[in-house]
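**Student:** So here's run08.csv, just CSV, C-alpha atoms and all ligand atoms:
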```
chain,number,residue,atom,x,y,z
A,1331,MET,CA,0.1,-28.2,37.1
A,1332,LYS,CA,1.2,-31.8,37.5
A,1333,LYS,CA,-2.3,-32.9,36.3
A,1334,LEU,CA,-2.0,-30.7,33.2
A,1335,LEU,CA,1.4,-32.0,32.4
A,1336,LEU,CA,0.2,-35.6,32.7
A,1337,LEU,CA,-2.7,-34.8,30.5
A,1338,LEU,CA,-0.4,-33.2,27.9
A,1339,LEU,CA,1.9,-36.2,28.0
A,1340,SER,CA,-0.9,-38.7,27.5
A,1341,VAL,CA,-2.3,-36.6,24.6
A,1342,SER,CA,1.0,-36.4,22.8
A,1343,PHE,CA,1.6,-40.1,23.5
A,1344,LEU,CA,-1.7,-40.8,21.8
A,1345,PHE,CA,-0.6,-39.0,18.7
A,1346,VAL,CA,2.8,-40.7,18.6
A,1347,SER,CA,1.3,-44.1,18.9
A,1348,MET,CA,-1.1,-43.6,16.0
A,1349,PRO,CA,0.3,-45.2,12.9
A,1350,ALA,CA,0.4,-43.0,9.7
A,1351,SER,CA,-2.0,-44.8,7.4
A,1352,ALA,CA,-3.8,-43.9,4.3
A,1353,ALA,CA,-6.8,-43.0,6.4
A,1354,SER,CA,-4.9,-40.6,8.6
A,1355,PRO,CA,-5.5,-36.9,7.8
A,1356,ILE,CA,-3.2,-34.9,5.6
A,1357,ARG,CA,-1.3,-32.3,7.5
A,1358,VAL,CA,0.2,-29.0,6.2
A,1359,LYS,CA,3.1,-27.0,7.5
A,1360,VAL,CA,3.9,-23.5,6.3
A,1361,ASN,CA,7.3,-22.2,7.2
A,1362,GLY,CA,7.5,-24.9,9.9
A,1363,ALA,CA,4.2,-24.0,11.5
A,1364,LEU,CA,1.5,-26.7,11.5
A,1365,GLN,CA,-1.7,-25.3,10.0
A,1366,SER,CA,-5.2,-26.0,11.3
A,1367,TYR,CA,-8.1,-25.7,8.9
A,1368,ASP,CA,-11.8,-25.9,9.6
A,1369,GLN,CA,-12.1,-28.0,6.4
A,1370,PRO,CA,-9.4,-30.7,6.4
A,1371,PRO,CA,-7.1,-30.9,3.4
A,1372,GLU,CA,-8.3,-33.3,0.7
A,1373,MET,CA,-6.4,-35.5,-1.8
A,1374,ILE,CA,-8.1,-35.4,-5.2
A,1375,ASN,CA,-6.5,-37.0,-8.3
A,1376,GLY,CA,-3.1,-37.0,-6.5
A,1377,SER,CA,-3.3,-33.3,-5.7
A,1378,VAL,CA,-3.6,-32.0,-2.1
A,1379,LEU,CA,-6.3,-29.2,-1.8
A,1380,VAL,CA,-6.5,-26.9,1.1
A,1381,PRO,CA,-8.9,-24.1,2.1
A,1382,LEU,CA,-8.3,-21.0,0.0
A,1383,ARG,CA,-8.1,-18.3,2.6
A,1384,GLY,CA,-5.8,-20.2,5.0
A,1385,ILE,CA,-3.1,-21.0,2.5
A,1386,PHE,CA,-3.0,-17.6,0.8
A,1387,GLU,CA,-3.0,-15.7,4.0
A,1388,SER,CA,-0.3,-17.9,5.6
A,1389,LEU,CA,1.9,-17.0,2.5
A,1390,GLY,CA,1.3,-13.3,3.1
A,1391,ALA,CA,-0.9,-12.8,0.0
A,1392,SER,CA,-4.0,-10.6,0.0
A,1393,LEU,CA,-7.1,-12.2,-1.4
A,1394,SER,CA,-10.3,-11.2,-3.1
A,1395,VAL,CA,-13.1,-13.5,-4.2
A,1396,THR,CA,-15.8,-12.3,-6.6
A,1397,GLY,CA,-18.3,-15.1,-7.4
A,1398,LYS,CA,-16.1,-17.9,-8.8
A,1399,ASN,CA,-13.1,-15.7,-9.4
A,1400,ILE,CA,-10.2,-15.8,-7.0
A,1401,LYS,CA,-7.5,-13.2,-7.1
A,1402,ALA,CA,-4.5,-13.2,-4.9
A,1403,VAL,CA,-1.7,-10.7,-4.8
A,1404,HIS,CA,1.7,-11.1,-3.1
A,1405,LYS,CA,4.6,-8.7,-3.6
A,1406,ASP,CA,4.8,-8.4,-7.4
A,1407,THR,CA,2.8,-11.5,-8.2
A,1408,VAL,CA,-0.9,-11.6,-9.1
A,1409,VAL,CA,-2.6,-15.0,-9.3
A,1410,HIS,CA,-6.0,-15.6,-10.8
A,1411,LEU,CA,-8.0,-18.8,-10.3
A,1412,THR,CA,-11.6,-19.8,-11.1
A,1413,ILE,CA,-13.5,-22.4,-9.1
A,1414,GLY,CA,-14.3,-25.4,-11.3
A,1415,SER,CA,-11.8,-24.3,-14.0
A,1416,ALA,CA,-8.4,-25.7,-14.9
A,1417,ALA,CA,-7.3,-22.4,-16.3
A,1418,ALA,CA,-5.3,-20.0,-14.1
A,1419,THR,CA,-3.0,-17.1,-14.7
A,1420,ILE,CA,0.2,-15.9,-13.0
A,1421,ASN,CA,0.9,-12.2,-13.8
A,1422,GLY,CA,-1.4,-12.5,-16.8
A,1423,ALA,CA,0.4,-15.7,-18.2
A,1424,GLY,CA,-1.9,-18.7,-18.6
A,1425,VAL,CA,-1.3,-21.9,-16.7
A,1426,LYS,CA,-3.2,-25.2,-16.8
A,1427,LEU,CA,-3.9,-26.7,-13.5
A,1428,ALA,CA,-3.6,-30.5,-12.8
A,1429,GLN,CA,-6.5,-30.2,-10.4
A,1430,LYS,CA,-9.2,-27.5,-10.4
A,1431,ALA,CA,-10.3,-25.5,-7.3
A,1432,VAL,CA,-13.4,-27.1,-5.8
A,1433,VAL,CA,-16.1,-26.3,-3.2
A,1434,MET,CA,-16.5,-28.8,-0.5
A,1435,ASN,CA,-18.8,-28.4,2.6
A,1436,GLY,CA,-19.2,-24.8,1.7
A,1437,ARG,CA,-15.4,-24.2,1.7
A,1438,THR,CA,-13.4,-23.4,-1.4
A,1439,LEU,CA,-10.3,-25.7,-1.7
A,1440,VAL,CA,-7.4,-24.9,-3.9
A,1441,PRO,CA,-4.4,-27.0,-5.0
A,1442,ILE,CA,-1.7,-26.2,-2.5
A,1443,ARG,CA,1.2,-26.9,-4.8
A,1444,PHE,CA,0.0,-24.5,-7.6
A,1445,VAL,CA,-0.8,-21.7,-5.1
A,1446,SER,CA,2.4,-22.0,-3.2
A,1447,GLU,CA,4.7,-22.3,-6.2
A,1448,ALA,CA,2.9,-19.4,-7.9
A,1449,LEU,CA,3.7,-17.3,-4.9
A,1450,GLY,CA,7.4,-18.3,-5.0
A,1451,ALA,CA,7.2,-20.9,-2.2
A,1452,GLU,CA,8.7,-24.4,-2.3
A,1453,VAL,CA,6.5,-27.4,-1.7
A,1454,LYS,CA,7.5,-30.9,-0.4
A,1455,TRP,CA,5.2,-33.9,0.0
A,1456,SER,CA,6.0,-36.7,2.4
A,1457,SER,CA,3.8,-39.7,1.7
A,1458,ALA,CA,5.2,-41.5,4.8
A,1459,ASP,CA,3.6,-39.1,7.2
A,1460,ARG,CA,1.1,-37.5,4.7
A,1461,MET,CA,2.6,-34.1,5.3
A,1462,VAL,CA,2.8,-31.1,2.9
A,1463,SER,CA,5.6,-28.7,3.8
A,1464,VAL,CA,5.5,-25.3,2.3
A,1465,SER,CA,8.4,-22.9,2.7
A,1466,SER,CA,8.5,-19.3,1.4
A,1467,ARG,CA,12.0,-18.6,-0.1
A,1468,GLY,CA,14.0,-16.3,2.1
A,1469,ALA,CA,11.4,-16.4,4.9
A,1470,ALA,CA,13.8,-18.1,7.3
A,1471,GLN,CA,16.7,-15.7,6.8
A,1472,ALA,CA,14.9,-12.4,6.8
A,1473,THR,CA,16.4,-10.4,9.6
A,1474,PRO,CA,14.3,-7.4,10.7
A,1475,GLU,CA,16.0,-4.0,10.6
A,1476,PRO,CA,15.7,-1.9,13.7
A,1477,VAL,CA,12.6,0.3,13.6
A,1478,PRO,CA,12.7,3.8,15.2
A,1479,PRO,CA,9.8,4.2,17.6
A,1480,ALA,CA,6.8,6.3,16.5
A,1481,ALA,CA,6.8,9.8,17.9
A,1482,VAL,CA,3.3,9.3,19.2
A,1483,PRO,CA,1.4,6.0,19.4
A,1484,ILE,CA,-1.3,5.9,16.7
A,1485,GLU,CA,-4.1,5.4,19.2
A,1486,ASP,CA,-3.2,8.7,20.9
A,1487,MET,CA,-3.6,10.7,17.7
A,1488,SER,CA,-6.8,12.5,17.0
A,1489,LYS,CA,-8.4,12.1,13.5
A,1490,ILE,CA,-8.0,14.7,10.8
A,1491,ASP,CA,-11.3,16.4,9.7
A,1492,PRO,CA,-12.5,15.3,6.3
A,1493,LEU,CA,-12.8,18.0,3.6
A,1494,ASN,CA,-15.5,20.6,4.2
A,1495,GLU,CA,-16.3,22.0,0.7
A,1496,LYS,CA,-18.2,24.9,2.3
A,1497,LEU,CA,-14.9,26.3,3.6
A,1498,TYR,CA,-13.5,26.6,0.1
A,1499,LYS,CA,-14.0,30.1,-1.4
A,1500,GLY,CA,-11.3,30.1,-4.0
A,1501,GLN,CA,-8.4,30.6,-1.5
A,1502,ALA,CA,-5.0,28.9,-1.9
A,1503,LEU,CA,-4.7,25.2,-1.3
A,1504,VAL,CA,-1.7,23.3,0.0
A,1505,THR,CA,-1.0,19.5,-0.2
A,1506,PHE,CA,1.7,17.5,1.6
A,1507,SER,CA,2.4,14.7,-0.8
A,1508,TYR,CA,4.7,12.0,0.6
A,1509,ASP,CA,6.3,9.6,-1.9
A,1510,ASP,CA,7.4,5.9,-1.5
A,1511,GLY,CA,5.6,5.1,1.8
A,1512,PHE,CA,8.6,5.3,4.1
A,1513,LEU,CA,8.1,4.2,7.7
A,1514,SER,CA,9.7,7.5,8.8
A,1515,SER,CA,6.8,9.4,7.1
A,1516,TYR,CA,4.4,7.4,9.2
A,1517,ASN,CA,6.4,7.7,12.4
A,1518,ASN,CA,7.2,11.4,12.1
A,1519,ALA,CA,4.8,13.1,9.7
A,1520,LEU,CA,1.6,11.5,10.9
A,1521,PRO,CA,1.7,12.9,14.5
A,1522,LEU,CA,2.1,16.4,13.0
A,1523,HIS,CA,-0.8,16.0,10.6
A,1524,SER,CA,-2.9,14.9,13.5
A,1525,LYS,CA,-1.7,17.7,15.8
A,1526,TYR,CA,-2.4,20.4,13.2
A,1527,ASN,CA,-5.5,18.7,11.8
A,1528,MET,CA,-4.1,18.9,8.3
A,1529,ALA,CA,-4.9,16.5,5.4
A,1530,GLY,CA,-2.1,14.9,3.4
A,1531,THR,CA,-1.4,12.2,0.9
A,1532,PHE,CA,0.8,9.1,1.2
A,1533,ASN,CA,1.8,7.8,-2.2
A,1534,ILE,CA,2.5,4.1,-1.7
A,1535,ILE,CA,4.5,1.6,-3.9
A,1536,GLY,CA,2.2,-1.4,-4.2
A,1537,GLY,CA,5.0,-3.9,-4.3
A,1538,LYS,CA,6.3,-2.7,-0.9
A,1539,VAL,CA,3.1,-3.2,1.1
A,1540,TYR,CA,3.6,-6.9,1.8
A,1541,SER,CA,7.4,-7.0,1.2
A,1542,GLY,CA,8.3,-7.1,4.9
A,1543,GLU,CA,11.0,-4.4,4.3
A,1544,GLN,CA,11.1,-2.5,7.5
A,1545,ARG,CA,11.9,0.9,6.1
A,1546,PHE,CA,8.5,1.0,4.3
A,1547,MET,CA,5.0,1.2,5.9
A,1548,ASN,CA,3.3,-2.2,6.1
A,1549,SER,CA,-0.4,-2.9,5.4
A,1550,SER,CA,-1.6,-2.2,8.9
A,1551,GLN,CA,0.3,1.1,9.1
A,1552,ILE,CA,-1.1,2.2,5.8
A,1553,TRP,CA,-4.5,1.3,7.0
A,1554,ALA,CA,-4.0,3.2,10.3
A,1555,ALA,CA,-2.8,6.3,8.3
A,1556,HIS,CA,-6.0,6.1,6.1
A,1557,ASP,CA,-8.1,5.7,9.2
A,1558,LEU,CA,-6.6,8.8,10.7
A,1559,GLY,CA,-7.6,10.8,7.6
A,1560,ILE,CA,-4.6,10.6,5.3
A,1561,GLU,CA,-5.3,9.9,1.6
A,1562,ILE,CA,-3.7,6.7,0.4
A,1563,ALA,CA,-2.6,7.1,-3.3
A,1564,SER,CA,-0.6,5.0,-5.7
A,1565,HIS,CA,3.0,5.4,-6.5
A,1566,THR,CA,2.9,2.5,-9.0
A,1567,GLN,CA,3.6,-1.2,-8.2
A,1568,THR,CA,7.4,-1.3,-8.8
A,1569,HIS,CA,8.5,2.4,-9.1
A,1570,PRO,CA,9.6,2.0,-12.8
A,1571,PHE,CA,10.6,4.6,-15.4
A,1572,LEU,CA,7.1,4.8,-17.1
A,1573,THR,CA,8.1,6.6,-20.3
A,1574,SER,CA,10.4,3.6,-21.2
A,1575,SER,CA,7.7,1.0,-20.2
A,1576,THR,CA,5.4,-0.6,-22.7
A,1577,GLU,CA,1.7,0.2,-22.6
A,1578,ALA,CA,0.9,-3.2,-21.1
A,1579,GLU,CA,3.6,-2.7,-18.4
A,1580,ILE,CA,2.2,0.8,-17.6
A,1581,ARG,CA,-1.3,-0.6,-17.3
A,1582,GLU,CA,-0.1,-3.4,-15.0
A,1583,GLU,CA,1.7,-0.8,-12.8
A,1584,PHE,CA,-1.5,1.2,-12.4
A,1585,LYS,CA,-3.9,-1.7,-12.1
A,1586,THR,CA,-1.9,-3.8,-9.6
A,1587,SER,CA,-1.0,-1.0,-7.3
A,1588,LYS,CA,-4.6,0.2,-7.3
A,1589,PHE,CA,-5.9,-3.3,-6.6
A,1590,ILE,CA,-3.5,-3.9,-3.7
A,1591,LEU,CA,-4.2,-0.5,-2.1
A,1592,GLU,CA,-8.0,-0.6,-2.7
A,1593,ASP,CA,-8.1,-4.0,-1.1
A,1594,LEU,CA,-6.8,-2.2,2.0
A,1595,VAL,CA,-8.4,1.2,2.2
A,1596,GLY,CA,-11.2,1.4,-0.5
A,1597,GLU,CA,-11.0,3.7,-3.4
A,1598,VAL,CA,-7.6,5.0,-4.6
A,1599,SER,CA,-8.1,7.8,-7.0
A,1600,THR,CA,-4.7,9.6,-7.4
A,1601,ILE,CA,-1.2,8.7,-8.2
A,1602,ALA,CA,2.3,10.2,-7.8
A,1603,ILE,CA,4.5,9.4,-10.8
A,1604,PRO,CA,7.8,7.8,-9.8
A,1605,ASN,CA,11.0,9.6,-10.9
A,1606,SER,CA,8.6,12.2,-12.3
A,1607,ASP,CA,9.0,10.3,-15.6
A,1608,TYR,CA,5.9,11.3,-17.5
A,1609,ASN,CA,4.8,12.2,-21.0
A,1610,ASP,CA,1.6,12.5,-23.0
A,1611,ALA,CA,1.5,8.7,-23.8
A,1612,VAL,CA,1.7,7.8,-20.1
A,1613,ARG,CA,-0.9,10.5,-19.3
A,1614,ALA,CA,-3.3,9.1,-21.8
A,1615,ILE,CA,-3.3,5.7,-19.9
A,1616,ALA,CA,-3.3,7.3,-16.4
A,1617,VAL,CA,-6.5,9.2,-17.3
A,1618,GLU,CA,-8.3,5.8,-17.4
A,1619,TYR,CA,-7.2,4.8,-13.9
A,1620,PHE,CA,-6.9,8.0,-11.8
A,1621,ASP,CA,-8.7,11.3,-11.2
A,1622,GLY,CA,-5.4,13.1,-10.3
A,1623,VAL,CA,-1.8,12.6,-11.3
A,1624,ARG,CA,1.1,14.4,-9.5
A,1625,VAL,CA,4.4,15.0,-11.2
A,1626,TYR,CA,7.2,17.3,-10.2
A,1627,ASN,CA,8.1,20.5,-12.0
A,1628,ARG,CA,8.5,23.4,-9.6
A,1629,ASP,CA,5.3,25.2,-10.2
A,1630,THR,CA,1.9,26.0,-8.6
A,1631,ASN,CA,-1.4,24.8,-10.0
A,1632,ARG,CA,-3.5,27.8,-11.3
A,1633,ALA,CA,-6.4,28.6,-13.6
A,1634,ASP,CA,-4.0,29.1,-16.5
A,1635,ASN,CA,-2.1,25.8,-16.1
A,1636,TYR,CA,-4.4,23.5,-14.2
A,1637,ASP,CA,-4.5,19.9,-15.5
A,1638,PRO,CA,-5.7,17.3,-12.9
A,1639,HIS,CA,-3.6,14.7,-14.8
A,1640,TRP,CA,-0.5,16.8,-14.7
A,1641,LEU,CA,-0.4,18.3,-11.2
A,1642,LYS,CA,2.8,20.3,-10.6
A,1643,SER,CA,4.7,20.2,-7.3
A,1644,PHE,CA,7.8,21.5,-5.5
A,1645,ALA,CA,10.2,19.0,-4.0
A,1646,VAL,CA,11.7,19.2,-0.5
A,1647,VAL,CA,15.3,17.8,-0.4
A,1648,ASN,CA,17.7,17.6,2.5
A,1649,THR,CA,19.1,21.1,1.8
A,1650,THR,CA,15.7,22.8,1.6
A,1651,GLU,CA,15.2,25.1,4.6
A,1652,PHE,CA,12.0,26.4,6.1
A,1653,SER,CA,12.3,29.8,4.4
A,1654,THR,CA,12.2,28.2,0.9
A,1655,ILE,CA,9.0,26.3,1.6
A,1656,GLN,CA,7.6,29.5,3.2
A,1657,GLY,CA,8.2,31.2,-0.1
A,1658,TRP,CA,6.2,28.6,-2.0
A,1659,ILE,CA,3.3,29.0,0.5
A,1660,ASP,CA,3.4,32.8,0.3
A,1661,ARG,CA,3.3,32.6,-3.5
A,1662,ALA,CA,0.3,30.3,-3.4
A,1663,ILE,CA,-1.6,32.6,-1.0
A,1664,GLU,CA,-0.8,35.5,-3.3
A,1665,GLU,CA,-1.9,33.7,-6.5
A,1666,LYS,CA,-4.8,31.9,-4.8
A,1667,SER,CA,-3.3,28.8,-6.4
A,1668,TRP,CA,-2.7,25.2,-5.2
A,1669,VAL,CA,0.8,24.4,-4.0
A,1670,ILE,CA,1.8,20.7,-3.7
A,1671,ILE,CA,4.8,20.0,-1.6
A,1672,MET,CA,6.5,16.7,-2.5
A,1673,LEU,CA,8.2,15.0,0.5
A,1674,HIS,CA,9.8,11.7,1.2
A,1675,GLY,CA,11.2,10.3,4.5
A,1676,ILE,CA,11.0,12.5,7.6
A,1677,THR,CA,14.1,12.0,9.8
A,1678,GLU,CA,16.1,13.9,12.4
A,1679,GLU,CA,19.4,13.3,10.5
A,1680,ARG,CA,18.0,13.9,6.9
A,1681,LEU,CA,20.9,11.7,5.5
A,1682,GLY,CA,18.9,10.8,2.4
A,1683,GLU,CA,18.9,13.3,-0.4
A,1684,TYR,CA,15.1,13.7,-0.3
A,1685,GLU,CA,14.6,13.7,3.5
A,1686,THR,CA,13.6,16.6,5.7
A,1687,THR,CA,13.3,16.9,9.5
A,1688,PRO,CA,10.2,16.8,11.7
A,1689,GLN,CA,11.3,20.3,12.9
A,1690,ILE,CA,11.1,21.8,9.4
A,1691,LEU,CA,7.8,20.0,8.7
A,1692,GLY,CA,6.4,21.3,12.0
A,1693,GLN,CA,7.5,24.8,11.2
A,1694,VAL,CA,5.7,24.7,7.8
A,1695,MET,CA,2.5,23.4,9.4
A,1696,GLN,CA,2.7,26.0,12.1
A,1697,TYR,CA,3.1,28.7,9.4
A,1698,ILE,CA,0.1,27.5,7.4
A,1699,ASN,CA,-1.9,27.3,10.6
A,1700,ASP,CA,-1.0,30.9,11.4
A,1701,GLN,CA,-2.3,32.1,8.0
A,1702,GLY,CA,-5.7,30.5,8.6
A,1703,LYS,CA,-7.8,28.2,6.5
A,1704,ASP,CA,-9.5,31.1,4.8
A,1705,LYS,CA,-6.2,32.1,3.3
A,1706,ILE,CA,-4.7,28.6,2.6
A,1707,MET,CA,-6.4,25.3,3.1
A,1708,PRO,CA,-4.6,22.0,3.5
A,1709,VAL,CA,-6.1,19.3,1.4
A,1710,SER,CA,-5.2,15.8,0.1
A,1711,THR,CA,-4.4,15.5,-3.6
A,1712,ARG,CA,-7.8,13.8,-4.1
A,1713,ASP,CA,-9.7,16.7,-2.5
A,1714,GLY,CA,-7.5,19.4,-4.2
A,1715,VAL,CA,-8.6,17.9,-7.5
A,1716,ARG,CA,-12.2,17.8,-6.4
A,1717,LEU,CA,-12.2,21.5,-5.5
A,1718,MET,CA,-10.1,22.7,-8.5
A,1719,ASN,CA,-12.2,20.7,-11.0
A,1720,LYS,CA,-15.3,22.6,-9.8
A,1721,GLU,CA,-13.5,25.9,-10.1
A,1722,PHE,CA,-11.7,25.5,-13.4
A,1723,LYS,CA,-13.2,22.7,-15.4
A,1801,ZN,ZN,9.3,7.6,-5.5
```
Translate this structure into C-alpha cells?
**Tutor:**
Amino acid sequence: MKKLLLLLLSVSFLFVSMPASAASPIRVKVNGALQSYDQPPEMINGSVLVPLRGIFESLGASLSVTGKNIKAVHKDTVVHLTIGSAAATINGAGVKLAQKAVVMNGRTLVPIRFVSEALGAEVKWSSADRMVSVSSRGAAQATPEPVPPAAVPIEDMSKIDPLNEKLYKGQALVTFSYDDGFLSSYNNALPLHSKYNMAGTFNIIGGKVYSGEQRFMNSSQIWAAHDLGIEIASHTQTHPFLTSSTEAEIREEFKTSKFILEDLVGEVSTIAIPNSDYNDAVRAIAVEYFDGVRVYNRDTNRADNYDPHWLKSFAVVNTTEFSTIQGWIDRAIEEKSWVIIMLHGITEERLGEYETTPQILGQVMQYINDQGKDKIMPVSTRDGVRLMNKEFK
C-alpha cells in the first residue's frame, strides 16, 4: 500500500513538474471529467478537433455514421456533418464550419466547439494549460427524482413469444398500447406481459429517450423492453398537436423519432398519435413513414372500418374499472374484431388522469388468458396490422 502511494505521488509529481508548453498535448474535460482518447486531440487552423464518438457520446448524443455522413441526435437536436466538408446542419439549418471534420490515423476527428455548441453545451479554451472545457447546460444542477423499484428485475423475466401467424384463424385480437413511455409502464406492466406471455406496444416520445427525466424510460430500459418482446413504436418526437403543425414539422416529428428509436431497437413501423390529434392531411404524411397509426376513438377495428393508418382504440383512465375493459374484450370476441387498449402509466395510486393500477391490468390479462388464444390473441400493433392486412386488404 505504502509502495503504491509512493508510486502515485511520484507519478503525479511528474505531471505537475512538466511545464505546459506548445508541445504539450491538448486535454479535454467534459462536465469536469478529463477525457482520454485513443487518438489525441489535434489543433488545426486554430480549431481543436477530437475523436467523433468520444465527444458525441460524452454529451449524451446518439451517433450514426454512414460513409462520410455523420448524424448525431441529442434530445430535440439533430446535427449532420460530412467528413471533408465545411457544410453542416443543425435541425436542418445550414451552418458553415471554420474547420472541416477530418480523418487522422483511421479516426474521424470533429471540431469540438461546433459539436458541443450545436448540442447546447458551453466551450471554454484555456491556452495557458491547453485545456478545452465543455459543460452541458443544466448538467450540474440536474437532481434525480426518486425512482420506484421495478416489480421484478428485468433479468428474472422470461421473454414474450414472437407472433406465430399459424395461430391466427380470424379470431379476435387485443393490443395493449402504452403511450408516452412512462417508467411506471416499464416497472409495472412489463412483469405482467412477461408473466402472461402477452405482446404489447410501448409508444415512445423520441425527445424523452435521452432527456434524463426520471419519469420516462431511458434508452437502456427501452432496449430491455424490446429485447423482452415488446414492440417499440413512435409517439412523435415532441408530442405536439399535429393538425396545427406544418407539413415540414410533421415530417420532422415522424423522421426524428423514428431515427432515434431505430438507432436503439431496429425497425420502428407504427406510431400512436399524441393527443389523438389527427386528420386526413396528417394521415397522408404518416402513410409514408409507418405501416400502422393508432388514434383514439372508442371503437374496435373490423372488416367494415379497418384502416391500418387510422386504428381505433379505447382509453383506460383512472376511473376505468375492470368490468368496463372486460366489456371491450367481450365485444371483440363476439365481433372477431381487433380491440386496442390505450394505456399510460401503471401505478398503485393512479393519481394521474390516464393511469391505471397493476391490479386492474393483471385482472385484464388473466381474463384474456382464461378465454384462450383461439378466442382472443394478444398482439403488438405491428403484428395486428400484419394479420389484419392479410385478412382485409
Ligand atoms: Zn401521449
**Student:** Please, which residues are within 12 Å of (3.9, -37.9, 0.7) by the file's coordinates, counting only C-alpha atoms, and could they come as a PyMOL selection string?
**Tutor:** chain A and resi 1350-1352+1355-1358+1373+1376-1378+1453-1463
**Student:** Would you write out those residues with C-alpha atoms, as a JSON list (two decimals), in the frame of the given file?
**Tutor:**
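So result_15.json came out as:
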```
[["chain", "number", "residue", "atom", "x", "y", "z"],
["A", 1350, "ALA", "CA", 0.40, -43.00, 9.70],
["A", 1351, "SER", "CA", -2.00, -44.80, 7.40],
["A", 1352, "ALA", "CA", -3.80, -43.90, 4.30],
["A", 1355, "PRO", "CA", -5.50, -36.90, 7.80],
["A", 1356, "ILE", "CA", -3.20, -34.90, 5.60],
["A", 1357, "ARG", "CA", -1.30, -32.30, 7.50],
["A", 1358, "VAL", "CA", 0.20, -29.00, 6.20],
["A", 1373, "MET", "CA", -6.40, -35.50, -1.80],
["A", 1376, "GLY", "CA", -3.10, -37.00, -6.50],
["A", 1377, "SER", "CA", -3.30, -33.30, -5.70],
["A", 1378, "VAL", "CA", -3.60, -32.00, -2.10],
["A", 1453, "VAL", "CA", 6.50, -27.40, -1.70],
["A", 1454, "LYS", "CA", 7.50, -30.90, -0.40],
["A", 1455, "TRP", "CA", 5.20, -33.90, 0.00],
["A", 1456, "SER", "CA", 6.00, -36.70, 2.40],
["A", 1457, "SER", "CA", 3.80, -39.70, 1.70],
["A", 1458, "ALA", "CA", 5.20, -41.50, 4.80],
["A", 1459, "ASP", "CA", 3.60, -39.10, 7.20],
["A", 1460, "ARG", "CA", 1.10, -37.50, 4.70],
["A", 1461, "MET", "CA", 2.60, -34.10, 5.30],
["A", 1462, "VAL", "CA", 2.80, -31.10, 2.90],
["A", 1463, "SER", "CA", 5.60, -28.70, 3.80]]
```
**Student:** Find the spatial neighbours of segment 1427-1442 of chain A, counting all atoms listed in the file, within a cut-off of 7 Å - ignore same-chain residues fewer than 6 positions away - and output them as a list in words.
**Tutor:**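 Here the answer would be Gln1369, Ser1377, Val1378, Leu1379, Val1380, Pro1381, Leu1382, Thr1412, Ile1413, Gly1414, Ser1415, Ala1416, Ala1417 and Ala1418 of chain A.
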**Student:** Write the selection just made, keeping C-alpha atoms, as a PDB file, in the frame of the given file?
**Tutor:**
```
ATOM      1  CA  GLN A1369     -12.100 -28.000   6.400  1.00  0.00           C
ATOM      2  CA  SER A1377      -3.300 -33.300  -5.700  1.00  0.00           C
ATOM      3  CA  VAL A1378      -3.600 -32.000  -2.100  1.00  0.00           C
ATOM      4  CA  LEU A1379      -6.300 -29.200  -1.800  1.00  0.00           C
ATOM      5  CA  VAL A1380      -6.500 -26.900   1.100  1.00  0.00           C
ATOM      6  CA  PRO A1381      -8.900 -24.100   2.100  1.00  0.00           C
ATOM      7  CA  LEU A1382      -8.300 -21.000   0.000  1.00  0.00           C
ATOM      8  CA  THR A1412     -11.600 -19.800 -11.100  1.00  0.00           C
ATOM      9  CA  ILE A1413     -13.500 -22.400  -9.100  1.00  0.00           C
ATOM     10  CA  GLY A1414     -14.300 -25.400 -11.300  1.00  0.00           C
ATOM     11  CA  SER A1415     -11.800 -24.300 -14.000  1.00  0.00           C
ATOM     12  CA  ALA A1416      -8.400 -25.700 -14.900  1.00  0.00           C
ATOM     13  CA  ALA A1417      -7.300 -22.400 -16.300  1.00  0.00           C
ATOM     14  CA  ALA A1418      -5.300 -20.000 -14.100  1.00  0.00           C
TER      15      ALA A1418
END
```
**Student:** Looking at A:Lys1499, A:Arg1632, A:His1565, A:Arg1712, which one is nearest to ligand ZN 1801 (chain A), with distances taken over only C-alpha atoms and all ligand atoms?
**Tutor:**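 Of A:Lys1499, A:Arg1632, A:His1565, A:Arg1712, the one nearest ligand ZN 1801 (chain A) is A:His1565, counting only C-alpha atoms and all ligand atoms.
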**Student:** Taking (-2.0, 27.5, -7.5) in the file's own coordinates, collect the residues within 7 Å, counting all atoms listed in the file, and hand them back as a list in words.
**Tutor:** Ala1502, Thr1630, Asn1631, Arg1632, Ala1662, Glu1665, Lys1666, Ser1667, Trp1668 and Val1669 of chain A
**Student:** Just want the 10 Å neighbourhood of His1404 of chain A, counted on all atoms listed in the file, with same-chain residues fewer than 3 positions away dropped. Output as a PDB file with C-alpha atoms, in the coordinates of the input.
**Tutor:**
```
ATOM      1  CA  PHE A1386      -3.000 -17.600   0.800  1.00  0.00           C
ATOM      2  CA  GLU A1387      -3.000 -15.700   4.000  1.00  0.00           C
ATOM      3  CA  LEU A1389       1.900 -17.000   2.500  1.00  0.00           C
ATOM      4  CA  GLY A1390       1.300 -13.300   3.100  1.00  0.00           C
ATOM      5  CA  ALA A1391      -0.900 -12.800   0.000  1.00  0.00           C
ATOM      6  CA  SER A1392      -4.000 -10.600   0.000  1.00  0.00           C
ATOM      7  CA  LEU A1393      -7.100 -12.200  -1.400  1.00  0.00           C
ATOM      8  CA  THR A1407       2.800 -11.500  -8.200  1.00  0.00           C
ATOM      9  CA  VAL A1408      -0.900 -11.600  -9.100  1.00  0.00           C
ATOM     10  CA  VAL A1409      -2.600 -15.000  -9.300  1.00  0.00           C
ATOM     11  CA  ALA A1448       2.900 -19.400  -7.900  1.00  0.00           C
ATOM     12  CA  LEU A1449       3.700 -17.300  -4.900  1.00  0.00           C
ATOM     13  CA  GLY A1450       7.400 -18.300  -5.000  1.00  0.00           C
ATOM     14  CA  GLY A1536       2.200  -1.400  -4.200  1.00  0.00           C
ATOM     15  CA  GLY A1537       5.000  -3.900  -4.300  1.00  0.00           C
ATOM     16  CA  LYS A1538       6.300  -2.700  -0.900  1.00  0.00           C
ATOM     17  CA  VAL A1539       3.100  -3.200   1.100  1.00  0.00           C
ATOM     18  CA  TYR A1540       3.600  -6.900   1.800  1.00  0.00           C
ATOM     19  CA  SER A1541       7.400  -7.000   1.200  1.00  0.00           C
ATOM     20  CA  ILE A1590      -3.500  -3.900  -3.700  1.00  0.00           C
TER      21      ILE A1590
END
```
**Student:** Rounded to one decimal in Å, what is the spacing between atom CA of Gln1656 of chain A and atom CA of Ile1706 of chain A?
**Tutor:** 12.3 Å
